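*Asks:* A single structure is presented below for examination.
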Amino acid sequence: MLKTLAKCIREYKMASILSPIFVTGEVILECLIPFVIAQLGTAIESGIGLWGPGNSWSTLGVGQFGLILVAMSLASLACGALAGAFCAKASAGFAKNVRKDLYYKVQEFSFENIDKFSTPSLVTRMTTDVGNVQMSYMMIVRTAIRCPLMMIFSVVMAFVMGGNLAWIFVGVIPPLSLILFLLMRKAMPLFHRVFKKYDNLNESIQENIAGARVVKSYVREDFEKQKFDRAATDVQIDFTKAERILAWNQPVMQVFFYGVLSSVLFLGSYLIFQKTGLTVWSISQLVVYGMQILMSLMMFSMFFAMITMSLESARRICEILGEESTLKSPENAIHEVEDGSIDFENVSFKYSATAEKNVLSGIDLHIRSGETIGIIGGTGSSKTSLVNLISRLYDVTEGSVKVGGRDVKEYDLESLRNQVAVVLQKNVLFSGTIKDNLRWGNPDATDEEMIEACKLAQADEFIQTFPDKYDTYIEQGGTNVSGGQKQRLCIARALLKKPKVLILDDSTSAVDTHTDALIRKAMREYIPSTTKIIIAQRTSSVEDADRIVIMENGKIDAVGTHEELLGTNAIYTEVYTTQNKGGKAVSSLGEMGELSDETGENQEEGGDNDAS
């Protein structure tokens, strides 16, 4: 774990080294200052003048001792300030690198990896856990160096100043250290448990915010509040237990501190009266060294408390950094996709190796480059699972999937996915302008290319109604545009890619049938050589496809043209008949949708709700 996290220090190694160096200087000076004060007291008692009769240490005057103390104090202050500055730079930089490495690692993850950890857990690890580890690193660079050094130097100086009386301080270190260790050991399991509950808390928050419209539509605010309350209370209970254990640090330290202080003062006073050579100045500075020893132990106990909490955070971070993606490019990967032909050869697939049942079974399907393929099937028939295998979002369990005549496992992942554009069922837009979102398809796209793609996707018309047109800012998740508008922008984004294979996964569900037909017509004319796969619920979206694939229970039920299936396949015939009952009414609704779209009244929101 330490080895993994140490790799994140990188360019902050120098700051991480300089901070302990300046801490060491600060500690040495702080331990010498009481010694000089004792010498100053002796000089005052001896009646030495302001500057003293000579230049030796034993005859320095009060003024000279004073100047030495001022110089040492200023030097100690400078060392402390520099140590703090370098410590802050090292810890903040370390945290930045940890977050960066975590984020980059997650970008490499397959869907299977993401499913394993869950989104709320990944968010917690990148925020709360990194914050805990940053705090611990700051304490390691400074406190963990300062405390042992302060303890060692103070013990040495205590023996110099008080002789055998210093054994009192040394004697309390082992029992106190044992008590701190036992407290840490008892608190560790609680911190291990509490971070899992943090994940549940974040999950509750994320679900509530993402599904805010549904929550309000069903008036479930009270239910969501209660669910959040339970998650927050679970975290609070475990944190309270852990903090209650760690709270013993302070009283235990206080008991030892005042016990040692009383012993030193009592025995020191006795030895002074016995004229053993000890002076009041020696005893007073011995008490200072004793305070430094016990304060070091107290700070060390705080350090242990922080480390106790952070160990679980560090383990969770390393769990992500050590995770290997289940999908990797081969060593001698192919970077060129020959064409858009696709071959499913006896493909079976399940999402988990431990799953009892296959999601897809015995799929044999051969698609020629440039063909338009429609896929229809009921909910749960594994339509999306089938197309996910083309861009290798998942690997097949049995059989093989070929694109351009080569197994998808032979391709470089980035090269393959650059040639397979997917417009997902759940459309996602990112915060930024419309242009920023479109350039996900092609970072170098010109304004003219973007406008052309939007015209083909029937998006240009509504974009022109916005005051800022293509510079209109899209809120996170595309909340300031309707469902139909989001779909069309996502289609335009995919068209800009000019891929070998284009997959539309129910991506026109929120637009009317007339607009749907215009989009399909534009794709036929704009990218005729691209293989187009259209997953749809409406038969009208796939009627003009070269072939239509009927899916049922993870298997191909039939393949054929619209005319062939209409008379021979019961599933397709039933869907078509159901959707076309009262054809005039359906047609009228389509015309109304078209009219509404043309007048820019943004009625697609209603279509989006219907789709939901």
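Here, A, B, ... name the chains of the structure tokens in the order displayed, residue numbers run from 1 inside each chain, and ligands are numbered from 1 in the same displayed order.
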Report as a list in words: the residues of segment 322-428 of chain A with a DSSP assignment of helix (DSSP H, G or I), based on the backbone of this structure.

*Replies:* Lys383, Thr384, Ser385, Leu386, Val387, Asn388, Val408, Lys409, Glu410, Leu413, Glu414, Ser415, Leu416, Arg417 and Asn418 of chain A

*Asks:* Could you take the residues named above and write them with C-alpha atoms, as a PDB file, in the first residue's frame?

*Replies:*
```
ATOM      1  CA  LYS A 383     -30.732  -5.833 -27.769  1.00  0.00           C
ATOM      2  CA  THR A 384     -28.342  -3.409 -26.053  1.00  0.00           C
ATOM      3  CA  SER A 385     -26.179  -6.259 -24.748  1.00  0.00           C
ATOM      4  CA  LEU A 386     -25.750  -7.447 -28.351  1.00  0.00           C
ATOM      5  CA  VAL A 387     -24.489  -4.105 -29.716  1.00  0.00           C
ATOM      6  CA  ASN A 388     -22.275  -3.501 -26.654  1.00  0.00           C
ATOM      7  CA  VAL A 408     -12.507  -7.199 -31.858  1.00  0.00           C
ATOM      8  CA  LYS A 409      -9.999  -8.557 -29.298  1.00  0.00           C
ATOM      9  CA  GLU A 410      -7.226  -8.026 -31.857  1.00  0.00           C
ATOM     10  CA  LEU A 413      -9.422  -0.409 -28.010  1.00  0.00           C
ATOM     11  CA  GLU A 414      -9.154   3.286 -28.839  1.00  0.00           C
ATOM     12  CA  SER A 415      -8.848   2.611 -32.577  1.00  0.00           C
ATOM     13  CA  LEU A 416     -11.844   0.257 -32.554  1.00  0.00           C
ATOM     14  CA  ARG A 417     -14.075   2.623 -30.578  1.00  0.00           C
ATOM     15  CA  ASN A 418     -13.107   5.550 -32.790  1.00  0.00           C
TER      16      ASN A 418
END
```

*Asks:* Which residue out of A:Phe430, A:Tyr351, A:Phe266, A:Tyr411 has the minimum interatomic distance to Ser329 of chain A when only C-alpha atoms are used?

*Replies:*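 Closest to Ser329 of chain A of all the choices is A:Tyr411.
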